[in-house]
Amino acid sequence: MNMRIVARLINLPENRGVRVETAAHSLLLVCSGGQVRAFQADCPHAGAPLEEGVICQGRIVCPWHKATFAVANGAVLEPPALVALKQYPVQVRDGVVSVGDAPLDPAPTAVVDDSRCFAVIGAGAAGTAAVATLRREGFTGRLLWIDRESAPAYDRTALSKFVVAGQMAPQDTPPLLEDAPFDDLGIQGEVQHLDAVAKRIELADGRHFDYDAALLATGGQPQSLDIPGAVLSNVFVLRSREDAARIDAAAESAACAVIIGDSFIGLEAASALRQRGLVVQVVSRHDIPLAAQLGRRIGAALRQLHEDNGVIFHSNTEPVSLDGHGAVGTVLLKNGKRLAADLVVIGVGVTPATGFIEGVSKAEDQSLLADHHLQAAPGLWAAGDNLTFPWNHQPTRIEHWRLAQQLGVLAARNMLGGAQTYADVPFFWTYHFGKTFEVLGHAQHWNRLHIEGDLQRHHFIALLCHDDQVEAVVACEYPQAMARLSQRMQHPLNKTEALGLIREG
Ligand SMILES: Cc1cc2nc3c(=O)[nH]c(=O)nc-3n(C[C@H](O)[C@H](O)[C@H](O)COP(=O)(O)OP(=O)(O)OC[C@H]3O[C@@H](n4cnc5c(N)ncnc54)[C@H](O)[C@@H]3O)c2cc1C
Ligand code: FES
């Protein structure tokens, strides 16, 4: 094999990735425990430069969305990446590091004959991560992967950020599994009925399947509004690629948009539509967006970012009707104001998509109640937005992309016979006017806020603490500290130690 000289050993610090460009590849060189390894330099999820992440506890942590890979062999350990890093052969002679042009072959998967039939319902974040896991772990039985969308298994998070902004064509939304697309593996159809006792799935078109084990990864359905005019044209919700394509098409000829709800999806849509030049007004029952998740001070800074970019907020009110002839033209608010609207986006939350499931326990919000192993009934698991599961000593339901994927991975392993429980830290990101806000943890009871950096300039990291204990961290533009904390927060962490990690640089 052709080996190229790429670095001197003396220039490779221990446990710190170094990027080198060769004529053939961009490489990440990692010196750990005195051994040098070479990997592809860009994250297989969305292309983040991995040298800007961190290496700790034997893991390479991506700076953007916190995928992790094993330093030993590049294996993917946590999503959003679903595939391993390509690893290249390395030689070190007389302090000179050379790397081969062709990647090493991935370690072969142990394949065991399996006559079982597994069904995965849903090809979003959780379902696709589950299918990737079943394939990676050598499942050889029959796999029924079902989704009602015509071309699912794409990155939903890009819709509100880039498609609605007119920066990405709907059909270019990145696929989740390049090497195993839904078109090849999946069954398109709407599951109309699942009988958990009989272990039978029925599709709306009459097809039916019996399974040995099934995963419910059906996510949520966006809620609409029960007010006059909610069915007018140019009134949209935003969940699927088709929804985003419709908003994108309407925005082409629109001058003004009204967003109903200050959820993160509503605000991402506000940011996206504002950036393509529309007048954007947000109607909300609250004065501070996302206060429950981020706290009032950080929520206020997010609102300020929107206002600085021209978004107009109408707070402590709600719409009473949407009016127009065929298409929406105005929105009438409870406070008597009437807003012009060529299009309306409703972002007021989702309802778990579980209506078709019989024979399982459901919470009041209709999410599926599962145990620590994500099992909802014999032979039936659940993962993603449709699930309430015990975590941190309480029933928990969290609507985050990376968590949905992690739960999908975990459920798939348990379908194969494992008994894994969730032991990581929930991570969430959201993107507004070029700024990414990141959240680690899921703070419910915190009484102290410590902010490092400059909140008003959106360059900060904030510790949400209960007394001295860190419950969650919210940050903007602190990718390395967040990557380090994503690992460290898997165990209890106090404020002093957290500040030490943040100031490590
Ligand atoms: C526009 C948008 C932007 C987002 N951005 C972010 C972000 O930046 N960061 C973040 O952390 N989270 C983000 N989220 C949240 C994140 O996308 C969800 O938490 C995640 O998709 C949940 O994954 P899931 O697999 O449970 O559901 P989904 O990804 O919604 O997948 C569910 C799948 O099930 C299918 N399905 C449902 N019912 C049936 C049925 N009866 N029969 C057949 N198929 C069915 C659906 O078609 C869908 O493909 C965003 C969400 C949206 C809508
Ligand atoms: S780019 Fe690495 S996890 Fe998203």
# chains A, B, ... in the order shown; residues from 1 in each chain; ligands from 1

$ residues_around --residues "stretch 138-145 of chain A" --least-positions-apart "5" --cutoff "7 Å" --atoms "only C-alpha atoms" --output "PyMOL selection string"
chain A and resi 109-121+185-187

$ residues_near_ligand --ligand "ligand 1" --cutoff "6 Å" --atoms "only C-alpha atoms and all ligand atoms" --output "JSON, numbers by chain"
{"A": [121, 122, 123, 124, 125, 126, 127, 146, 147, 148, 149, 152, 156, 157, 159, 160, 189, 190, 191, 192, 217, 218, 219, 220, 238, 239, 265, 353, 384, 385, 386, 399, 400, 401, 402, 404, 428, 429, 430]}

$ residues_near_ligand --ligand "ligand 2" --cutoff "6 Å" --atoms "only C-alpha atoms and all ligand atoms" --output "PDB file with N, CA and C atoms, in the first residue's frame"
ATOM      1  N   CYS A  43     -16.698  14.438  10.499  1.00  0.00           N
ATOM      2  CA  CYS A  43     -17.697  13.565  11.119  1.00  0.00           C
ATOM      3  C   CYS A  43     -18.645  13.007  10.056  1.00  0.00           C
ATOM      4  N   HIS A  45     -21.600  12.272  10.336  1.00  0.00           N
ATOM      5  CA  HIS A  45     -22.980  12.766  10.458  1.00  0.00           C
ATOM      6  C   HIS A  45     -23.203  13.969   9.547  1.00  0.00           C
ATOM      7  N   ALA A  46     -22.587  15.097   9.874  1.00  0.00           N
ATOM      8  CA  ALA A  46     -22.835  16.288   9.046  1.00  0.00           C
ATOM      9  C   ALA A  46     -21.548  17.011   8.710  1.00  0.00           C
ATOM     10  N   GLY A  47     -20.419  16.307   8.858  1.00  0.00           N
ATOM     11  CA  GLY A  47     -19.168  16.853   8.341  1.00  0.00           C
ATOM     12  C   GLY A  47     -18.398  17.764   9.277  1.00  0.00           C
ATOM     13  N   ALA A  48     -18.677  17.734  10.583  1.00  0.00           N
ATOM     14  CA  ALA A  48     -17.924  18.604  11.501  1.00  0.00           C
ATOM     15  C   ALA A  48     -16.444  18.242  11.481  1.00  0.00           C
ATOM     16  N   CYS A  62     -17.521  14.487  18.777  1.00  0.00           N
ATOM     17  CA  CYS A  62     -17.730  15.487  17.715  1.00  0.00           C
ATOM     18  C   CYS A  62     -18.144  16.833  18.322  1.00  0.00           C
ATOM     19  N   TRP A  64     -19.933  19.214  17.052  1.00  0.00           N
ATOM     20  CA  TRP A  64     -21.237  19.779  16.689  1.00  0.00           C
ATOM     21  C   TRP A  64     -22.389  19.121  17.440  1.00  0.00           C
ATOM     22  N   HIS A  65     -22.645  17.838  17.216  1.00  0.00           N
ATOM     23  CA  HIS A  65     -23.837  17.222  17.820  1.00  0.00           C
ATOM     24  C   HIS A  65     -23.485  16.063  18.731  1.00  0.00           C
ATOM     25  N   LYS A  66     -22.189  15.981  19.085  1.00  0.00           N
ATOM     26  CA  LYS A  66     -21.711  15.095  20.159  1.00  0.00           C
ATOM     27  C   LYS A  66     -21.799  13.597  19.840  1.00  0.00           C
ATOM     28  N   ALA A  67     -21.730  13.229  18.549  1.00  0.00           N
ATOM     29  CA  ALA A  67     -21.511  11.812  18.235  1.00  0.00           C
ATOM     30  C   ALA A  67     -20.177  11.417  18.862  1.00  0.00           C
ATOM     31  N   PRO A  80     -25.392  11.391  16.859  1.00  0.00           N
ATOM     32  CA  PRO A  80     -26.142  11.195  15.617  1.00  0.00           C
ATOM     33  C   PRO A  80     -25.415  10.440  14.497  1.00  0.00           C
ATOM     34  N   ALA A  81     -24.090  10.294  14.548  1.00  0.00           N
ATOM     35  CA  ALA A  81     -23.471   9.462  13.498  1.00  0.00           C
ATOM     36  C   ALA A  81     -24.006   8.039  13.647  1.00  0.00           C
TER      37      ALA A  81
END

$ atom_distance --atom1 "atom CA of A:Glu242" --atom2 "atom CA of A:Leu302"
28.1 Å

$ atom_distance --atom1 "atom CA of A:Leu27" --atom2 "atom CA of A:Asp105"
16.6 Å

$ closest_residue --among "A:Leu332, A:Ala443, A:Val409, A:Leu28" --to "A:Val76" --atoms "only C-alpha atoms"
A:Val409

$ atom_distance --atom1 "atom CA of A:Gly441" --atom2 "atom CA of A:Val473"
6.7 Å

$ residues_around --residues "stretch 288-300 of chain A" --least-positions-apart "5" --cutoff "8 Å" --atoms "only C-alpha atoms" --output "ChimeraX atom specification"
/A:262-264,442-443,455,474

$ write_last_selection --atoms "N, CA, C and O atoms" --output "short mmCIF file (atom, residue, chain, number, x, y, z; two decimals), in the first residue's frame"
data_model
loop_
_atom_site.label_atom_id
_atom_site.label_comp_id
_atom_site.auth_asym_id
_atom_site.auth_seq_id
_atom_site.Cartn_x
_atom_site.Cartn_y
_atom_site.Cartn_z
N ASP A 262 -44.11 29.71 20.45
CA ASP A 262 -42.68 30.03 20.51
C ASP A 262 -41.86 28.80 20.91
O ASP A 262 -40.88 28.89 21.62
N SER A 263 -42.31 27.63 20.43
CA SER A 263 -41.52 26.41 20.59
C SER A 263 -40.22 26.58 19.79
O SER A 263 -40.10 27.48 18.97
N PHE A 264 -39.25 25.68 20.01
CA PHE A 264 -38.01 25.84 19.25
C PHE A 264 -38.25 25.66 17.77
O PHE A 264 -37.61 26.30 16.94
N HIS A 442 -31.24 17.51 31.46
CA HIS A 442 -32.68 17.75 31.39
C HIS A 442 -33.09 18.28 32.76
O HIS A 442 -33.57 17.54 33.62
N ALA A 443 -32.83 19.58 32.97
CA ALA A 443 -33.03 20.15 34.31
C ALA A 443 -34.50 20.33 34.59
O ALA A 443 -35.21 20.92 33.79
N LEU A 455 -23.82 36.60 27.70
CA LEU A 455 -25.14 36.13 27.27
C LEU A 455 -25.72 37.03 26.17
O LEU A 455 -26.30 36.54 25.19
N VAL A 474 -26.37 24.97 29.33
CA VAL A 474 -26.84 25.57 28.08
C VAL A 474 -25.69 26.42 27.55
O VAL A 474 -25.07 27.16 28.33
#

$ residues_around --residues "A:Arg338" --least-positions-apart "5" --cutoff "10 Å" --atoms "only C-alpha atoms" --output "list in words"
Pro319, Ser321, Leu322, Asp323, Thr330, Val331, Leu332 and Leu333 of chain A

$ residues_around --residues "A:Glu307" --least-positions-apart "6" --cutoff "12 Å" --atoms "only C-alpha atoms" --output "ChimeraX atom specification"
/A:267,270-271,274,279-282,300-301,313-314,432-433

$ residues_around --residues "A:Asn234" --least-positions-apart "3" --cutoff "12 Å" --atoms "only C-alpha atoms" --output "compact mmCIF listing (two decimals) with N, CA, C and O atoms, in the first residue's frame"
# COMPACT_ATOMS: atom_id res chain seq x y z
N GLY A 229 -60.77 28.82 10.71
CA GLY A 229 -59.77 29.18 9.71
C GLY A 229 -58.52 28.31 9.74
O GLY A 229 -57.65 28.45 8.88
N ALA A 230 -58.45 27.38 10.69
CA ALA A 230 -57.23 26.56 10.80
C ALA A 230 -57.05 25.66 9.57
O ALA A 230 -55.94 25.15 9.35
N VAL A 231 -58.13 25.48 8.79
CA VAL A 231 -58.00 24.61 7.61
C VAL A 231 -57.78 25.40 6.32
O VAL A 231 -57.71 24.83 5.23
N VAL A 237 -48.32 23.04 9.50
CA VAL A 237 -47.54 22.53 10.62
C VAL A 237 -46.19 22.12 10.02
O VAL A 237 -46.03 22.12 8.80
N ASP A 243 -44.20 18.78 4.61
CA ASP A 243 -44.61 20.03 5.29
C ASP A 243 -43.63 21.15 4.93
O ASP A 243 -44.02 22.27 4.61
N ALA A 244 -42.34 20.84 5.05
CA ALA A 244 -41.31 21.87 4.79
C ALA A 244 -41.36 22.32 3.34
O ALA A 244 -41.20 23.52 3.04
N ALA A 245 -41.59 21.37 2.43
CA ALA A 245 -41.66 21.73 1.00
C ALA A 245 -42.83 22.67 0.76
O ALA A 245 -42.73 23.63 -0.02
N ARG A 246 -43.96 22.43 1.43
CA ARG A 246 -45.13 23.30 1.25
C ARG A 246 -44.84 24.71 1.79
O ARG A 246 -45.21 25.70 1.17
N ILE A 247 -44.17 24.78 2.94
CA ILE A 247 -43.85 26.11 3.50
C ILE A 247 -42.88 26.83 2.57
O ILE A 247 -43.03 28.02 2.28
N ASP A 248 -41.89 26.09 2.10
CA ASP A 248 -40.89 26.67 1.19
C ASP A 248 -41.58 27.24 -0.06
O ASP A 248 -41.31 28.37 -0.48
N ALA A 249 -42.52 26.48 -0.62
CA ALA A 249 -43.20 26.93 -1.84
C ALA A 249 -44.04 28.17 -1.55
O ALA A 249 -44.04 29.14 -2.32
N ALA A 250 -44.75 28.17 -0.42
CA ALA A 250 -45.60 29.33 -0.08
C ALA A 250 -44.74 30.56 0.18
O ALA A 250 -45.12 31.69 -0.15
N ALA A 251 -43.57 30.35 0.79
CA ALA A 251 -42.70 31.49 1.15
C ALA A 251 -42.15 32.19 -0.09
O ALA A 251 -41.82 33.37 -0.04
N GLU A 252 -42.09 31.46 -1.21
CA GLU A 252 -41.58 32.04 -2.46
C GLU A 252 -42.30 33.33 -2.82
O GLU A 252 -41.69 34.30 -3.27
N SER A 253 -43.64 33.33 -2.62
CA SER A 253 -44.42 34.50 -3.05
C SER A 253 -45.02 35.25 -1.86
O SER A 253 -45.92 36.07 -2.04
N ALA A 254 -44.56 34.96 -0.65
CA ALA A 254 -45.15 35.58 0.54
C ALA A 254 -44.34 36.79 0.98
O ALA A 254 -43.12 36.84 0.79
N CYS A 256 -45.34 38.21 4.24
CA CYS A 256 -45.39 38.22 5.72
C CYS A 256 -45.88 36.88 6.24
O CYS A 256 -46.76 36.24 5.65
N ALA A 257 -45.27 36.47 7.36
CA ALA A 257 -45.61 35.18 7.96
C ALA A 257 -45.94 35.39 9.43
O ALA A 257 -45.35 36.26 10.08
N VAL A 258 -46.87 34.58 9.92
CA VAL A 258 -47.15 34.56 11.37
C VAL A 258 -46.84 33.17 11.88
O VAL A 258 -47.26 32.16 11.29
N ILE A 259 -46.05 33.12 12.96
CA ILE A 259 -45.71 31.85 13.60
C ILE A 259 -46.54 31.78 14.87
O ILE A 259 -46.49 32.71 15.70
N LEU A 322 -58.23 32.49 12.15
CA LEU A 322 -57.41 32.75 10.97
C LEU A 322 -58.42 33.09 9.86
O LEU A 322 -59.39 32.35 9.65
N ASP A 323 -58.21 34.18 9.18
CA ASP A 323 -59.23 34.66 8.24
C ASP A 323 -58.68 34.84 6.84
O ASP A 323 -57.50 35.19 6.67
N GLY A 324 -59.53 34.60 5.87
CA GLY A 324 -59.13 34.78 4.47
C GLY A 324 -60.12 34.08 3.57
O GLY A 324 -61.01 33.36 4.03
N HIS A 325 -59.99 34.31 2.26
CA HIS A 325 -60.87 33.65 1.28
C HIS A 325 -60.06 32.54 0.63
O HIS A 325 -59.21 32.81 -0.20
N GLY A 326 -60.27 31.33 1.03
CA GLY A 326 -59.47 30.19 0.52
C GLY A 326 -58.15 30.10 1.23
O GLY A 326 -57.88 29.18 1.97
N ALA A 327 -57.31 31.09 1.02
CA ALA A 327 -56.01 31.12 1.70
C ALA A 327 -56.07 32.11 2.87
O ALA A 327 -56.85 33.06 2.85
N VAL A 328 -55.22 31.86 3.85
CA VAL A 328 -55.18 32.75 5.01
C VAL A 328 -54.71 34.14 4.58
O VAL A 328 -53.87 34.27 3.68
N GLY A 329 -55.27 35.18 5.22
CA GLY A 329 -54.86 36.55 4.91
C GLY A 329 -54.50 37.34 6.17
O GLY A 329 -53.59 38.16 6.15
N THR A 330 -55.23 37.02 7.26
CA THR A 330 -54.93 37.69 8.53
C THR A 330 -55.12 36.73 9.69
O THR A 330 -55.80 35.71 9.57
N ALA A 341 -51.00 38.05 7.20
CA ALA A 341 -50.30 36.76 7.10
C ALA A 341 -50.52 36.14 5.73
O ALA A 341 -51.65 35.77 5.38
N ASP A 342 -49.44 36.05 4.93
CA ASP A 342 -49.55 35.28 3.68
C ASP A 342 -49.36 33.79 3.96
O ASP A 342 -49.74 32.95 3.16
N LEU A 343 -48.70 33.50 5.08
CA LEU A 343 -48.62 32.11 5.50
C LEU A 343 -48.53 32.07 7.03
O LEU A 343 -48.04 33.01 7.66
N VAL A 344 -49.02 30.95 7.58
CA VAL A 344 -49.01 30.75 9.03
C VAL A 344 -48.35 29.40 9.31
O VAL A 344 -48.64 28.41 8.64
N VAL A 345 -47.42 29.40 10.27
CA VAL A 345 -46.84 28.13 10.72
C VAL A 345 -47.26 27.92 12.17
O VAL A 345 -47.04 28.79 13.02
N ILE A 346 -47.88 26.77 12.42
CA ILE A 346 -48.32 26.45 13.78
C ILE A 346 -47.25 25.57 14.43
O ILE A 346 -46.95 24.48 13.93

$ residues_around --residues "A:His459" --least-positions-apart "6" --cutoff "6 Å" --atoms "only C-alpha atoms" --output "mmCIF file with all heavy atoms, in the first residue's frame"
data_model
loop_
_atom_site.group_PDB
_atom_site.id
_atom_site.type_symbol
_atom_site.label_atom_id
_atom_site.label_comp_id
_atom_site.auth_asym_id
_atom_site.auth_seq_id
_atom_site.Cartn_x
_atom_site.Cartn_y
_atom_site.Cartn_z
ATOM 1 N N GLY A 453 -19.042 33.962 30.262
ATOM 2 C CA GLY A 453 -19.108 34.525 28.918
ATOM 3 C C GLY A 453 -20.134 35.645 28.855
ATOM 4 O O GLY A 453 -20.491 36.235 29.873
ATOM 5 N N CYS A 476 -23.749 28.534 23.970
ATOM 6 C CA CYS A 476 -23.714 29.034 22.597
ATOM 7 C C CYS A 476 -22.241 29.283 22.300
ATOM 8 O O CYS A 476 -21.588 30.055 23.033
ATOM 9 C CB CYS A 476 -24.508 30.336 22.565
ATOM 10 S SG CYS A 476 -25.240 30.713 21.018
ATOM 11 N N GLU A 477 -21.708 28.614 21.318
ATOM 12 C CA GLU A 477 -20.324 28.808 20.882
ATOM 13 C C GLU A 477 -19.284 28.360 21.915
ATOM 14 O O GLU A 477 -18.252 29.013 22.072
ATOM 15 C CB GLU A 477 -20.092 30.264 20.457
ATOM 16 C CG GLU A 477 -20.983 30.614 19.272
ATOM 17 C CD GLU A 477 -20.738 31.994 18.688
ATOM 18 O OE1 GLU A 477 -20.102 32.806 19.358
ATOM 19 O OE2 GLU A 477 -21.190 32.224 17.564
#

$ closest_residue --among "A:Ala196, A:Ala475, A:Ile461, A:Ala383" --to "A:Leu407" --atoms "only C-alpha atoms"
A:Ala383

$ select_by_dssp --residues "stretch 115-196 of chain A" --states "alpha helix (DSSP H)" --output "ChimeraX atom specification"
/A:125-136,157-158,182-185

$ write_last_selection --atoms "C-alpha atoms" --output "PDB file, in the first residue's frame"
ATOM      1  CA  ALA A 125     -34.527   9.277  14.156  1.00  0.00           C
ATOM      2  CA  ALA A 126     -35.248   6.302  16.435  1.00  0.00           C
ATOM      3  CA  GLY A 127     -36.346   3.765  13.814  1.00  0.00           C
ATOM      4  CA  THR A 128     -33.396   4.408  11.508  1.00  0.00           C
ATOM      5  CA  ALA A 129     -30.890   4.200  14.368  1.00  0.00           C
ATOM      6  CA  ALA A 130     -32.498   0.892  15.366  1.00  0.00           C
ATOM      7  CA  VAL A 131     -32.242  -0.514  11.836  1.00  0.00           C
ATOM      8  CA  ALA A 132     -28.593   0.612  11.593  1.00  0.00           C
ATOM      9  CA  THR A 133     -27.913  -1.162  14.884  1.00  0.00           C
ATOM     10  CA  LEU A 134     -29.647  -4.392  13.862  1.00  0.00           C
ATOM     11  CA  ARG A 135     -27.561  -4.448  10.686  1.00  0.00           C
ATOM     12  CA  ARG A 136     -24.322  -3.571  12.466  1.00  0.00           C
ATOM     13  CA  THR A 157     -33.680  18.626  11.918  1.00  0.00           C
ATOM     14  CA  ALA A 158     -32.570  20.282   8.674  1.00  0.00           C
ATOM     15  CA  PHE A 182     -35.323   2.954   3.081  1.00  0.00           C
ATOM     16  CA  ASP A 183     -36.141   2.545  -0.623  1.00  0.00           C
ATOM     17  CA  ASP A 184     -34.145  -0.715  -0.621  1.00  0.00           C
ATOM     18  CA  LEU A 185     -35.026  -2.069   2.812  1.00  0.00           C
TER      19      LEU A 185
END

$ closest_residue --among "A:Ala481, A:Ala498, A:Val235, A:Ala412" --to "A:Pro63" --atoms "only C-alpha atoms"
A:Ala481

$ closest_residue --among "A:Arg241, A:Gly95, A:Ala107, A:Arg16" --to "A:Ala169" --atoms "only C-alpha atoms"
A:Arg241
